Every structure is written in structure tokens, then in C-alpha cells.
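Structure record follows, encoded as C-alpha cells.
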Protein chains: 2
Amino acid sequence: VLLSIRWKDGVLEIIDQTKLPWEYEVLKLTNCRQVAEAIRCLKVRGAPAIGVAAAYGVVLGVWDIEDESLVDARMLEVIAILRATRPTAVNLFWALERMQQVYETNRGKRLDEVKRSLLQEAHCIFKEDIEANKQIGRYGAGLIEDGDVILTHCNAGALATAGYGTALGVIRAAWNSKKRIKVLVNETRPLLQGSRLTAWELQQENIPFEIITDSAAGFLMQQGEINKVIVGADRIAANGDVANKIGTYSLAVLAYYHGIPFYVAAPTSTIDHSLKKGEQIPIEMRSPEEVTRIYGLQIAPSEAPAKNPAFDITPHQLITAIITEKGVLKPEDVICVK
Amino acid sequence: VLLSIRWKDGVLEIIDQTKLPWEYEVLKLTNCRQVAEAIRCLKVRGAPAIGVAAAYGVVLGVWDIEDESLVDARMLEVIAILRATRPTAVNLFWALERMQQVYETNRGKRLDEVKRSLLQEAHCIFKEDIEANKQIGRYGAGLIEDGDVILTHCNAGALATAGYGTALGVIRAAWNSKKRIKVLVNETRPLLQGSRLTAWELQQENIPFEIITDSAAGFLMQQGEINKVIVGADRIAANGDVANKIGTYSLAVLAYYHGIPFYVAAPTSTIDHSLKKGEQIPIEMRSPEEVTRIYGLQIAPSEAPAKNPAFDITPHQLITAIITEKGVLKPEDVICVK
């Protein structure tokens with residue numbers, strides 16, 4: 001199984017996702033600031049993977065402390081540093097919250113015990129994520145029919161999670177249960193997570209796929225060449241509205257217009273019960289240079305202005321179902337998930 | 001005025017559009033095969049510009065002939081070469097048809113007279129296109145309101161025509177009549193005609209604009225940040241269905257869903273009365289490498305397959321109006337245009 005994140009003897013190993021598909025490079029992170037930087041620069045990305053990495057980031061943040069009296073302040077600092085990395089994926093805040101609570105519970109115990117309890121919690125978050133993905137895969141595979149052509153956007157695969165993947169987990173599970181499927185991969189401008197990462201994962205497993213530009217999806221739906229759309233999620237509001245990679249909303253409207261089922265696959269850790277509606281989810285605006293440059297090549301006149309929202313909000317009305325580890329839910333029913 | 005194509009003393013000068021915005025290079029074409037190659041490689045592109053270039057290509061094709069008995073065969077050959085360059089834009093076939101007819105009319109006359117009549121016809125096509133664009137601009141500007149934010153796709157500007165532009169002609173005319181507008185420019189993957197060419201044209205005229213990725217358009221419509229969509233056309237069927245750059249159809253569906261007017265700006269030479277419906281328009285499939293590579297940089301795993309339709313069809317039901325030099329038409333009314 002491909003693991004995007006691995007803890008090994010006090011070191012957090014991550015696959016540098018900015019280097020794929022050109023190089024497979026494993027980074028060894030040894031302190032919290034390196035983890036924060038890796039999240040900010042998208043070396044590790046995807047909502048569940050960000051949550052897992054942040055949990056281990058907390059562990060690394062206190063790992064070197066030898067004086068008990070410093071732990072309280074360090075925990076505050078470490079959590080603040082990690083919180084400030086990216087605003088949209090809720091799994092980040094959810095994982096930090098879990099780490100914080102474990103810390104509260106074990107506060108005052110011996111330092112090595114505190115550290116051990118934090119590491120144990122990070123391991124839990126890691127394992128639970130893989131288990132959730134496999135369960136999502138099992139539930140989701142039941143929705144896929146033999147012969148389906150499935151469109152996906154961005155990367156909601158093993159790389160975006162602790163392993164296995166959400167949207168790609170469903171595709172993996174369907175493929176492994178011998179359904180003959182094909183995947184259409186939106187390249188996903190500006191950062192090309194589709195053509196760089198999703199294509200790479202599918203190629204490794206020999207699942208048939210074709211890359212398309214993001215703007216070809218509508219035409220292929222019109223031509224009857226797409227049966228289902230499955231995407232991941234960065235945050236789900238209590239009413240079932242979904243924040244996900246920019247372009248997801250356009251796909252949802254197009255799928256609705258063509259009568260094509262539109263599925264979101266995500267663990268329940270992606271649900272943010274504190275937000276009633278999707279419009280309350282903060283949308284990260286990233287550098288215009290991600291639009292005007294591609295890997296160092298300027299593709300627009302110099303000084304040309306650009307706008308670069310990294311996510312969009314898909315209202316629950318456009319979502320056929322949300323596939324979670326607790327079952328296939330109507331978007332309106334995520335509010336009942338504990 | 002920016003002219004993408006210019007005839008000068010037996011030489012066809014074109015701006016090499018594959019080099020923009022990095023270099024402004026004028027190519028001097030002296031024979032028909034060079035013109036065909038320039039069209040095939042998108043050094044000159046945009047339906048009206050292809051038509052104009054092809055007309056001059058016919059002139060160059062017979063320019064060197066000194067023996068009258070060779071002209072008939074050469075005309076056949078030259079027209080066949082130019083016809084085979086690109087399949088979707090009808091202006092190519094329309095312009096070749098006009099050149100053919102002028103040749104038939106003047107057949108048997110003195111060789112220099114035949115050449116002169118062909119050159120005169122090419123000049124006519126050139127001038128008529130600029131006049132048509134200016135008229136399209138005047139009609140279209142009446143549809144633009146002060147404060148509008150207008151989304152456009154690909155490049156339907158001076159570069160795509162003999163000069164002035166169709167969709168950008170409307171924007172130019174509105175701007176010149178002192179309407180405060182802003183243009184959102186879809187980058188237009190795979191060949192980035194939006195960020196490379198449209199942004200370049202708008203920057204030259206100081207018209208405010210921002211580049212966005214193609215998949216951000218839906219989100220910005222949802223946010224109320226787009227008032228109108230204006231695009232060009234490569235071919236219009238008799239029922240008003242429009243073939244245009246891949247991604248146009250998605251925009252039309254999104255505009256319809258959000259209640260935003262969707263305009264097509266094109267000269268009547270883009271109407272193909274021989275085709276009843278859009279689905280009869282041939283869609284050019286281009287190399288998968290345009291998707292998996294960007295200017296030499298591989299952006300997908302090697303051997304990753306891709307699909308690359310260059311155009312799509314927007315059904316007339318999704319089009320608010322077609323702005324032509326003969327007026328602003330309902331799509332169903334193009335059938336009446338002579």
C-alpha cells in the first residue's frame with residue numbers, strides 16, 4: 001500500500017508531492033516548523049493527509065523538550081504554528097483539537113508519558129484515516145457499475161490521505177472487485193494535482209485512465225462519455241455543502257445539468273458541525289503566480305494580474321450522496337453524524 | 001490598430017502567435033505550404049484569421065507561376081493543401097470557396113490579371129473582416145453596461161481575426177465608448193490562448209483584466225462576480241448551434257444555471273448554412289501531448305494517456321444572442337442571414 005506519510009523513529013517521512021511525478025523523494029521532517037512549511041507549500045496536501053501530518057507535527061513540536069515546565073508554552077506555540085498553515089481543510093483543525101485534548105488529559109504526567117500519549121494519538125489518527133478510507137471504498141464500490149467511466153478532480157487518493165484515498169479509494173475498491181471501469185482525470189489547474197498525482201497513482205495500479213483539461217469535462221458529459229463524478233472534500237458544513245478544490249462546483253453544476261450522479265467521498269472528520277452552511281467556510285486565496293507561471297515558466301504577459309481561489313463551495317442540492325466510513329449519506333444527513 | 005496578418009509586396013506577414021507573449025515575431029511567408037503549416041501549427045489561429053490567411057495562401061500558391069497552362073492544376077493543389085490544415089473553423093472553407101469562385105470567373109484571362117483578381121479578393125476578405133468586426137463591436141457595445149465584469153474564453157481578439165476582434169471587438173468598443181468594464185480572462189488550457197494572447201491584447205489597450213483558471217469561472221459566477229460572458233465562434237450551424245474552443249460549452253451551461261447572459265460574437269462568414277445542427281460540425285482532436293506537456297515540460301507521468309478535443313458545441317438554447325455585423329441575432333435567426 002502507498003503511504004504518503006510515515007512515522008519512523010522520531011522522524012516524520014513524507015513523499016514530497018511537489019516533486020511528483022518527476023521524482024519520488026521522501027522528506028525526513030524532524031521538527032514542527034518543517035511540518036508547517038511542508039503543509040503550506042503543498043509538499044503534503046489533501047485534507048486528511050494535512051490532518052495526519054499536523055498531528056505528527058505536534059509530536060515533533062514537543063519531542064525535543066526535556067524540561068516539563070516548558071511543555072505548556074510549547075504546545076500553545078506548536079498548535080498556533082500548525083493552525084496558521086492553511087485555512088480551508090477542516091481536518092487540520094480537527095486533528096490539532098484531538099492532540100490538544102490528549103495533552104489536556106495527560107498534562108502533569110511524566111514527560112515521556114505525555115510524549116508517548118501524543119504519539120499514540122497521532123498514530124490513532126493515522127490508522128483511523130486508513131481504516132475510514134477502506135470503509136469508504138467498500139461503501140462506494142457498491143455505487144459503481146461495471147463499465148462505468150468515472151470523472152475525478154484534483155487528487156483524493158492515497159497521497160491526499162494517510163493511505164488508500166477517498167475518491168480514489170472508491171475507484172480502487174471498485175477496480176479490485178473486478179469492475180471494469182475507466183477514470184477520466186481532470187488535470188486540475190493551477191497546480192495540476194490531477195495530471196501529476198492522480199494519474200501517477202492510477203498508473204501504479206494499472207487502472208485505465210485518461211487525462212483531460214478541466215474545461216473538457218462538460219463536453220464529454222454532453223457526449224455521454226461520463227457516467228459518474230467522484231471527488232473528495234476539504235470541509236463539509238452541517239447542511240452538507242462541500243468545500244473542495246476549485247472547479248468542483250463547476251463539475252457539480254455540469255453533472256446536475258446532464259443528470260449524472262455526483263458523489264463526494266470523505267471521512268466524517270471532514271464534517272465541520274460548527275458551520276451551518278458552506279458559505280461560512282473560508283476559501284484560501286493563493287498566489288496569482290500559480291496561475292501566471294507553470295513551474296517557473298511565465299505563461300502570461302509579465303505583470304498580468306490573476307485571481308486564484310484555491311477552493312469552491314458546492315451546495316448540497318447538487319450532491320447525489322456523500323460517501324463516508326459510516327455509510328452513504330444524503331448530504332442533508334451529515335448533520336446527524338456524530 | 002493591431003493587425004495579425006499583413007500583405008506586403010508579395011509576402012504574407014503574420015505575427016507568430018505561438019511565440020506570444022514572450023516574443024513579438026513577424027513571420028514572412030512566401031509560399032502556400034508555409035501558410036498551411038502556419039495554420040496547422042497555430043502560428044495563425046482564430047477562425048476569421050485562418051480564413052484571411054488561407055485566402056492569401058491561395059495568392060502565394062499561384063504567385064510564382066509563369067506558364068498559364070499550369071494554373072488550373074496549381075489552384076486545385078493549393079486549395080487542397082489549405083483545406084487539409086484544420087477541420088473545425090468554417091471560415092477557412094468559406095474563404096477558399098470565394099477564392100475558387102474568383103478564379104473560375106477570371107479563368108482564361110491573362111496570367112497577371114488572374115493573379116491580380118485573386119489578390120484583390122484576398123484583400124476584400126481581409127478588409128471585410130475588419131469592417132465586420134468593427135460593426136460587431138458597435139452592436140455588441142450596446143449590450144454592455146457600465147460596471148460590467150465580462151468573462152471571455154480563448155482569444156477572439158485582433159489576433160484571431162484580420163484585426164479588432166469579435167468578442168474582444170465588443171469589449172474594445174465598449175471600453176472606447178467609456179464604459180468602465182473589467183474582463184475576466186479564462187486561461188484556456190491546453191494552449192493558453194487566454195493568458196498568452198487575450199491578456200496580451202488587453203494589456204496593450206490598458207483595459208482592466210484578471211486571468212483565472214478555466215475551472216474558477218463557475219465559482220465566480222456563483223459569487224456574483226460575472227455579469228456577462230462573450231466568446232467567439234469557429235462555426236455556427238444553421239440552427240444557431242455554435243462550435244468554439246473547448247470549454248465554451250461548460251461556460252454556457254454555467255451561465256445558463258446562474259442566469260448570466262451568454263453572447264457569441266462572430267461575423268456571418270462563420271455561419272455554415274450547409275449544416276442543420278451543431279452535432280454535424282467536425283471536432284478537431286489534437287495531440288494528447290498538448291495536455292500532458294506545457295511548452296516542453298512534461299506535467300504528467302510519462303506514457304500517461306490524454307484526450308484532447310479542441311472544440312465543443314454549444315446548443316443554441318444556451319445562447320442569449322449572436323452578435324454579427326448584420327445585427328444582434330437570436331440564434332434561431334441565423335438561418336435567415338444571407
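Convention: chains lettered A, B, ... in C-alpha cells order; per-chain residue numbering from 1; ligands numbered from 1 as shown.
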
Practice item. Give the residues of chain B that lie within 9 Å of chain A; count only C-alpha atoms, and format the answer as a PyMOL selection string. Key: chain B and resi 20-22+184-185+187-190+192+194-197+199-200+203+209-219+222+246-251+253-254+257+288+291-292+294-295+297-302+304-314

Exercise for review: Might you pull out every residue within 6 Å of Val264 in chain B, with only C-alpha atoms counted and same-chain residues fewer than 3 positions away left off, and present them as a list of chain:residue names?
Suggested key: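 Once the nearby chain positions are removed, what remains is B:Ile230, B:Val231, B:Gly232, B:Ile322.
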
Review point. Neighbours of Gly46 in chain A within 9 Å (only C-alpha atoms; same-chain residues fewer than 5 positions away dropped), as a PyMOL selection string?
Key: chain A and resi 51+89+155-157+159-161+232-234

What would the file look like if the residues just selected were written as a CSV table (one decimal), in the first residue's frame with C-alpha atoms?
```
chain,number,residue,atom,x,y,z
A,51,GLY,CA,-4.7,16.4,9.5
A,89,ALA,CA,-9.3,21.9,5.2
A,155,ASN,CA,-6.2,14.2,-6.1
A,156,ALA,CA,-8.3,12.5,-3.4
A,157,GLY,CA,-6.1,9.4,-3.4
A,159,LEU,CA,-1.4,10.8,-1.4
A,160,ALA,CA,-4.2,13.1,-0.1
A,161,THR,CA,-4.8,10.8,2.9
A,232,GLY,CA,-13.0,14.4,-2.3
A,233,ALA,CA,-13.7,17.2,0.2
A,234,ASP,CA,-11.8,19.7,2.3
```

Practice item. Just the alpha helix (DSSP H) stuff from range 254-338 of chain B, please, per backbone DSSP, written as a ChimeraX atom specification. Key: /B:254-258,289-292

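Minimum atom-to-atom distances from A:Glu128, A:Glu225, A:Asp333, A:Asp241 to Leu151 in chain A were compared using only C-alpha atoms, and the lowest value belongs to A:Glu225.
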
Point to revise | Contacts of range 136-147 of chain B at 12 Å (only C-alpha atoms; same-chain gap of 6+ positions) as number ranges by chain | key: B: 128-130, 157-158, 163-183, 208, 225-232, 261-268, 320-329

Export N, CA and C atoms of the chosen residues as a short mmCIF file (atom, residue, chain, number, x, y, z; two decimals), in the first residue's frame?
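Output saved as result_0.cif:
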```cif
data_model
loop_
_atom_site.label_atom_id
_atom_site.label_comp_id
_atom_site.auth_asym_id
_atom_site.auth_seq_id
_atom_site.Cartn_x
_atom_site.Cartn_y
_atom_site.Cartn_z
N GLU B 128 -13.10 43.26 -45.37
CA GLU B 128 -14.47 42.96 -44.91
C GLU B 128 -14.45 42.44 -43.48
N ASP B 129 -13.41 41.64 -43.15
CA ASP B 129 -13.36 41.09 -41.80
C ASP B 129 -13.18 42.20 -40.77
N ILE B 130 -12.27 43.11 -41.05
CA ILE B 130 -12.07 44.21 -40.09
C ILE B 130 -13.34 45.04 -39.98
N GLY B 157 -9.82 37.95 -30.39
CA GLY B 157 -9.38 39.34 -30.48
C GLY B 157 -8.83 39.68 -31.84
N ALA B 158 -8.05 40.77 -31.87
CA ALA B 158 -7.42 41.19 -33.12
C ALA B 158 -6.58 40.05 -33.68
N GLY B 163 -8.17 41.86 -37.73
CA GLY B 163 -7.88 42.94 -36.80
C GLY B 163 -9.13 43.29 -36.00
N TYR B 164 -8.95 43.93 -34.85
CA TYR B 164 -10.00 44.42 -33.98
C TYR B 164 -10.65 43.33 -33.13
N GLY B 165 -11.03 42.22 -33.74
CA GLY B 165 -11.56 41.11 -32.94
C GLY B 165 -13.06 41.05 -32.90
N THR B 166 -13.57 39.89 -32.50
CA THR B 166 -15.02 39.69 -32.39
C THR B 166 -15.45 39.89 -30.93
N ALA B 167 -15.25 38.89 -30.07
CA ALA B 167 -15.59 39.07 -28.66
C ALA B 167 -14.78 40.23 -28.07
N LEU B 168 -13.48 40.27 -28.38
CA LEU B 168 -12.68 41.40 -27.87
C LEU B 168 -13.00 42.68 -28.61
N GLY B 169 -13.55 42.57 -29.81
CA GLY B 169 -14.01 43.76 -30.52
C GLY B 169 -15.15 44.43 -29.76
N VAL B 170 -16.05 43.61 -29.25
CA VAL B 170 -17.16 44.14 -28.44
C VAL B 170 -16.60 44.81 -27.18
N ILE B 171 -15.63 44.15 -26.57
CA ILE B 171 -15.03 44.70 -25.34
C ILE B 171 -14.28 46.00 -25.65
N ARG B 172 -13.51 46.00 -26.75
CA ARG B 172 -12.82 47.23 -27.19
C ARG B 172 -13.80 48.37 -27.41
N ALA B 173 -14.90 48.07 -28.13
CA ALA B 173 -15.87 49.12 -28.46
C ALA B 173 -16.52 49.66 -27.20
N ALA B 174 -16.85 48.76 -26.26
CA ALA B 174 -17.47 49.20 -25.00
C ALA B 174 -16.49 50.08 -24.22
N TRP B 175 -15.25 49.66 -24.16
CA TRP B 175 -14.21 50.40 -23.44
C TRP B 175 -13.99 51.77 -24.09
N ASN B 176 -13.95 51.79 -25.43
CA ASN B 176 -13.71 53.05 -26.13
C ASN B 176 -14.89 54.01 -26.01
N SER B 177 -16.08 53.44 -25.72
CA SER B 177 -17.22 54.33 -25.50
C SER B 177 -17.34 54.67 -24.01
N LYS B 178 -16.23 54.50 -23.28
CA LYS B 178 -16.10 54.99 -21.89
C LYS B 178 -16.90 54.19 -20.87
N LYS B 179 -17.30 52.99 -21.24
CA LYS B 179 -17.92 52.15 -20.22
C LYS B 179 -16.81 51.57 -19.34
N ARG B 180 -16.99 51.67 -18.03
CA ARG B 180 -15.99 51.11 -17.12
C ARG B 180 -16.28 49.62 -16.97
N ILE B 181 -15.46 48.83 -17.61
CA ILE B 181 -15.67 47.39 -17.57
C ILE B 181 -14.42 46.70 -17.05
N LYS B 182 -14.59 45.45 -16.65
CA LYS B 182 -13.44 44.63 -16.33
C LYS B 182 -13.61 43.29 -17.05
N VAL B 183 -12.52 42.72 -17.49
CA VAL B 183 -12.58 41.46 -18.22
C VAL B 183 -11.95 40.36 -17.37
N PRO B 208 -8.81 46.93 -18.04
CA PRO B 208 -8.58 46.16 -16.82
C PRO B 208 -8.99 44.70 -16.99
N GLU B 225 -19.76 37.52 -9.37
CA GLU B 225 -18.67 38.36 -9.86
C GLU B 225 -18.58 38.45 -11.37
N ILE B 226 -19.52 37.84 -12.07
CA ILE B 226 -19.51 37.88 -13.54
C ILE B 226 -20.89 38.30 -14.03
N ASN B 227 -20.95 39.34 -14.88
CA ASN B 227 -22.23 39.82 -15.39
C ASN B 227 -22.58 39.29 -16.77
N LYS B 228 -21.54 39.04 -17.56
CA LYS B 228 -21.79 38.60 -18.93
C LYS B 228 -20.66 37.71 -19.40
N VAL B 229 -20.99 36.83 -20.33
CA VAL B 229 -19.96 36.01 -20.97
C VAL B 229 -20.01 36.33 -22.47
N ILE B 230 -18.85 36.59 -23.07
CA ILE B 230 -18.78 36.80 -24.52
C ILE B 230 -17.64 35.96 -25.08
N VAL B 231 -17.97 35.17 -26.09
CA VAL B 231 -16.95 34.33 -26.73
C VAL B 231 -17.05 34.49 -28.24
N GLY B 232 -16.08 33.96 -28.95
CA GLY B 232 -16.12 33.94 -30.41
C GLY B 232 -16.77 32.65 -30.91
N PRO B 261 -26.22 36.36 -19.00
CA PRO B 261 -26.29 36.36 -20.47
C PRO B 261 -25.03 35.78 -21.10
N PHE B 262 -25.22 34.98 -22.12
CA PHE B 262 -24.11 34.32 -22.81
C PHE B 262 -24.14 34.71 -24.29
N TYR B 263 -23.16 35.51 -24.71
CA TYR B 263 -23.14 36.02 -26.08
C TYR B 263 -22.04 35.39 -26.91
N VAL B 264 -22.34 35.17 -28.17
CA VAL B 264 -21.34 34.75 -29.15
C VAL B 264 -21.17 35.91 -30.12
N ALA B 265 -19.93 36.31 -30.39
CA ALA B 265 -19.66 37.39 -31.34
C ALA B 265 -18.92 36.80 -32.53
N ALA B 266 -19.48 36.94 -33.72
CA ALA B 266 -18.86 36.33 -34.90
C ALA B 266 -19.38 36.97 -36.17
N PRO B 267 -18.53 37.08 -37.19
CA PRO B 267 -19.02 37.58 -38.48
C PRO B 267 -19.91 36.51 -39.13
N THR B 268 -20.77 36.93 -40.05
CA THR B 268 -21.68 35.97 -40.67
C THR B 268 -20.93 34.95 -41.54
N THR B 320 -27.71 33.45 -25.52
CA THR B 320 -28.63 34.59 -25.40
C THR B 320 -28.78 35.28 -26.75
N ALA B 321 -27.65 35.53 -27.42
CA ALA B 321 -27.71 36.16 -28.74
C ALA B 321 -26.38 35.97 -29.44
N ILE B 322 -26.43 36.06 -30.76
CA ILE B 322 -25.21 36.02 -31.57
C ILE B 322 -25.03 37.41 -32.17
N ILE B 323 -23.90 38.02 -31.85
CA ILE B 323 -23.64 39.39 -32.30
C ILE B 323 -22.88 39.31 -33.62
N THR B 324 -23.53 39.74 -34.70
CA THR B 324 -22.90 39.71 -36.02
C THR B 324 -22.81 41.12 -36.57
N GLU B 325 -22.15 41.26 -37.72
CA GLU B 325 -22.07 42.58 -38.35
C GLU B 325 -23.41 42.99 -38.95
N LYS B 326 -24.36 42.05 -39.00
CA LYS B 326 -25.68 42.39 -39.52
C LYS B 326 -26.68 42.61 -38.41
N GLY B 327 -26.21 42.62 -37.18
CA GLY B 327 -27.10 42.88 -36.05
C GLY B 327 -26.97 41.83 -34.97
N VAL B 328 -27.67 42.07 -33.87
CA VAL B 328 -27.68 41.13 -32.76
C VAL B 328 -28.83 40.16 -33.00
N LEU B 329 -28.49 38.89 -33.23
CA LEU B 329 -29.50 37.92 -33.66
C LEU B 329 -29.81 36.92 -32.56
#
```

Review point. As a PyMOL selection string, which residues of range 103-326 of chain A does DSSP assign to strand (DSSP E or B)?
Key: chain A and resi 149-152+163+182-186+209-212+228-231+235-237+242-245+262-265+271-272+285+293-294+297-298+306+309+311-314+321-324
